[in-house]
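Trainee: Quick one: this structure, given as structure tokens, is what I'll be asking you about.
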Amino acid sequence: MKPVIALTKGRLEKQFLDYYQSLGYDIAPLTDKGRKLRVDTDDFQFIFAKGPDVATYVQYGIADLGIVGGDILAEFQPDVFDLFPLPFGACRMAVATEAGKVWSNGKKRIASKYTGVTKAFYKEKGESVDIIKLEGSVELAPILGLADAIVDIVETGNTLKENGLVVEEEFMQFSARLIANRSALKIKREALKSVIAKLNPNGGNTHD
Amino acid sequence: MFLPDGSQDQIGKILLKKQHVYQIFNDVAVSRGFKAIETPVIEYADTFTNPHIGMPFQQLLKWFDREGEIEVLRPDWTTAIARALMKLNPKESKWFYQGSVFTQDKDGIESRQAGIEMIRTAPNEGEIETLCFAIDYLSAVDVSDYVIELGHTGIYETIIAPLTLTVEKEAKLRLAMHDKRQDVVKDLTEKNPRVQKQLLDLIDAYGDVSILERYKATYQADETIVTIVNELIQLVNVLKQLGIDKTIVDLGRVKQLPYYSGTMFTGYLTTSGEECFSGGRYDKLYQQFNQSISAIGLAFDVDVLASAVEMDERGRVAILASVDTHVLAELKRRTISGKIVDILYTEPNISDYEQIIDLRNEGTK
């Protein structure tokens, strides 16, 4: 059976395909897939899913390898091998709020998609906050008065700027990463090792 | 009515398979001279969360008792048995157990295990006997598609010995090794390029047993590592002599619980990739009782094995009877062995049975 690789749909997908092509792989079947969520190439079977689901498919061994954002791994902490960063998908985790925001002395309300990361960040700072879980367009929350600030990933900062928000503090840096199922990496090592070595921007070890 | 997440009712074939897996385990353990032990399902949380054991508190299923102490459902057999053996202080050294453990980290709360514990065995004796047990048992349940992985806590620990890490950083490094995160291991060891290089190589030291010879050559000046590698080579040879040709190693595997101290082994089913057993040496386990006792053990995942075993379906026989001939039918039933025998008053679907015996009119003759 061909090894299965789970890809994060959307923004990371395009960046991955460019990178994958630059390594000498044929990406035609992956770009001409239409709406199919499962595509076979000569070497692998690819499945397309949302970031957190990529992690889940790899954890449960449905996929052997996965390409997923480091932000997703920090938030969901799946039980997988988290091998190495890939040279795309760079972003930072940041606290952002309205420009000129005057903080009250009370407990802050923070809106985020990344409630786990947010909680860990404020816990380490020793500051108690209330966290509101949002699913998207998090920038709305401070503008509309739902929260004092947001915790979200920032790539270029354009979305923040256009919505009148500024970065208050940056605290984590991420990129896309290669993850592997805990047993597949070992029992399918022969089938997986060449693609893992190729994907590794540092070349990986060459002794076997 | 609903069940909590992860709880399940069990019926039919899978339940029979679990009983079969337990039964054979019992037979194999008893015939190899192991003695049965069972600890209670309810214990104090501290037995498992104290610094010697270090199970994460969040994983336990817990509540307060009347005195305000925190009690838990048994999350781990090994720790509970160590506590029991310290109290009972028996002279035997070979123990086996079977039953459920309860944690919140797996996709089910309850999982079933069958395992062995050996204390006060000579170095290597325990490892060899434990692996022999595993092979013997898997063959008895007719599971042959598996691969055994060997590891050892000592290689990583010897390599990081020159580092002066804070407890916090040491935990981070261990986690990064556990997750095989190359970039984090690199960052945490940048002050010592030699160790950095060794650890990055160690992350990748998994797969074919030929890695052992390579490590022996690379670390020939390091007596501790050479001894460990020789021990692992010896185990690979033992497995080979028992007909297990495909053994793998992961020298970069680190312990997840603080009391592990030596060889670690894992069995994977090759078809599904699931872990069917795991275990290792934990001589530090008894330090919490101020005792120096060697200990080694192994636990099989009964749920994983039950889904992997094939059981012969027994043939079905129907005896047709009436109120008057029911006793006659019952006497007939006792003469039929190895079959499922139904006594029926009405004619069944013929295709459900391999034989139908009609005794309805027997008494009237």
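Residue numbers start at 1 in each chain; chains themselves are named A, B, ... in the order of the structure tokens; ligands are numbered from 1 in the order shown.
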Using only C-alpha atoms, find the residues of chain B whose closest atom to chain A is at most 9 Å away, then write them as a JSON list (two decimals) with C-alpha atoms, in the first residue's frame.
Mentor:
[["chain", "number", "residue", "atom", "x", "y", "z"],
["B", 147, "VAL", "CA", 7.40, -6.53, 14.87],
["B", 149, "GLU", "CA", 11.09, -2.64, 18.78],
["B", 176, "ALA", "CA", 11.49, 17.12, 21.98],
["B", 178, "HIS", "CA", 10.02, 11.95, 22.37],
["B", 179, "ASP", "CA", 8.43, 13.92, 19.51],
["B", 180, "LYS", "CA", 11.59, 13.63, 17.36],
["B", 181, "ARG", "CA", 11.56, 17.44, 16.91],
["B", 182, "GLN", "CA", 14.89, 18.12, 15.28],
["B", 183, "ASP", "CA", 14.74, 21.93, 15.41],
["B", 184, "VAL", "CA", 13.93, 22.09, 19.12],
["B", 200, "LEU", "CA", 20.42, 14.81, 16.21],
["B", 201, "ASP", "CA", 21.90, 11.51, 15.13],
["B", 204, "ASP", "CA", 17.24, 9.32, 13.64],
["B", 206, "TYR", "CA", 15.52, 4.01, 14.55],
["B", 207, "GLY", "CA", 14.79, 1.18, 12.17],
["B", 211, "ILE", "CA", 22.13, 0.68, 13.71],
["B", 248, "ILE", "CA", 13.71, -2.96, 14.93],
["B", 249, "VAL", "CA", 15.31, -0.50, 17.33],
["B", 250, "ASP", "CA", 14.74, 3.09, 18.37],
["B", 268, "TYR", "CA", 3.53, -3.34, 16.83],
["B", 270, "THR", "CA", 2.35, -4.78, 11.20],
["B", 272, "SER", "CA", -2.70, -1.96, 11.60],
["B", 273, "GLY", "CA", 0.39, -0.34, 13.14],
["B", 274, "GLU", "CA", -1.23, -0.60, 16.57],
["B", 275, "GLU", "CA", 0.84, -1.22, 19.68]]
Trainee: Tell me which protein, DNA and RNA residues are within 12 Å of B:Ser351, counting only C-alpha atoms, leaving out same-chain ones fewer than 4 positions away, and put them as a PyMOL selection string.
Mentor: chain B and resi 315-318+347+355-356
Trainee: Would you list the contacts of A:Ala120 as a list in words, taking every protein, DNA or RNA residue within 12 Å and counting only C-alpha atoms, but skipping same-chain residues closer than 4 positions in sequence?
Mentor: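 Once the adjacent positions are removed, what remains is Ala74, Glu75, Tyr114, Thr115, Gly116, Glu124, Lys125, Gly126, Glu127, Ser128, Val129, Ile131, Val151, Phe171 and Met172 of chain A.
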Trainee: Can you work out the spacing between atom CA of A:Val68 and atom CA of A:Thr8 in Å, to one decimal?
Mentor: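 Computed distance, atom CA of A:Val68 to atom CA of A:Thr8, equals 5.7 Å.
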Trainee: Where does DSSP see alpha helix (DSSP H) in stretch 116-267 of chain B, if you list the residues as a PyMOL selection string?
Mentor: chain B and resi 125-140+153-160+167-178+182-188+193-203+210-218+223-241
Trainee: Just give me the gap between atom CA of B:Thr130 and atom CA of B:Leu298 in Å, one decimal is fine.
Mentor: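 Result for atom CA of B:Thr130 versus atom CA of B:Leu298: 6.9 Å, one decimal.
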Trainee: Please determine, counting only C-alpha atoms, which residue among A:Leu134, A:Ile150, A:Glu98, A:Phe121 has the shortest atom-to-atom distance to A:Gly164.
Mentor: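 When distances to A:Gly164 are compared using only C-alpha atoms, the smallest one comes from A:Glu98.
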Trainee: Just give me the gap between atom CA of A:Lys123 and atom CA of B:Leu73 in Å, one decimal is fine.
Mentor: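 That distance, rounded to one decimal, is 29.2 Å.
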Trainee: Tell me, as a list of chain:residue names, which residues lie within 7 Å of stretch 120-122 of chain B, counting only C-alpha atoms; anything in the same chain fewer than 4 positions away does not count.
Mentor: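 The filter keeps B:Ser93, B:Gly126, B:Ile293, B:Ser294, B:Ala295.
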Trainee: Residues of the last selection are to be written out with C-alpha atoms, as a tab-separated table (two decimals), in the first residue's frame.
Mentor:
chain	number	residue	atom	x	y	z
B	93	SER	CA	9.12	-12.91	41.92
B	126	GLY	CA	14.36	-10.46	33.15
B	293	ILE	CA	14.66	-4.11	43.88
B	294	SER	CA	15.12	-4.85	40.20
B	295	ALA	CA	11.88	-4.92	38.24
Trainee: Looking at only C-alpha atoms, which of B:Glu213, B:Asp303, B:Asp312, B:Glu129 is the one that sits closest to B:Leu239?
Mentor: B:Glu129
Trainee: Pick from B:Arg66, B:Val254, B:Gln288, B:Ser139: nearest to B:Asp46, with only C-alpha atoms counted?
Mentor: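 Using only C-alpha atoms, B:Asp46 sits closest to B:Gln288.
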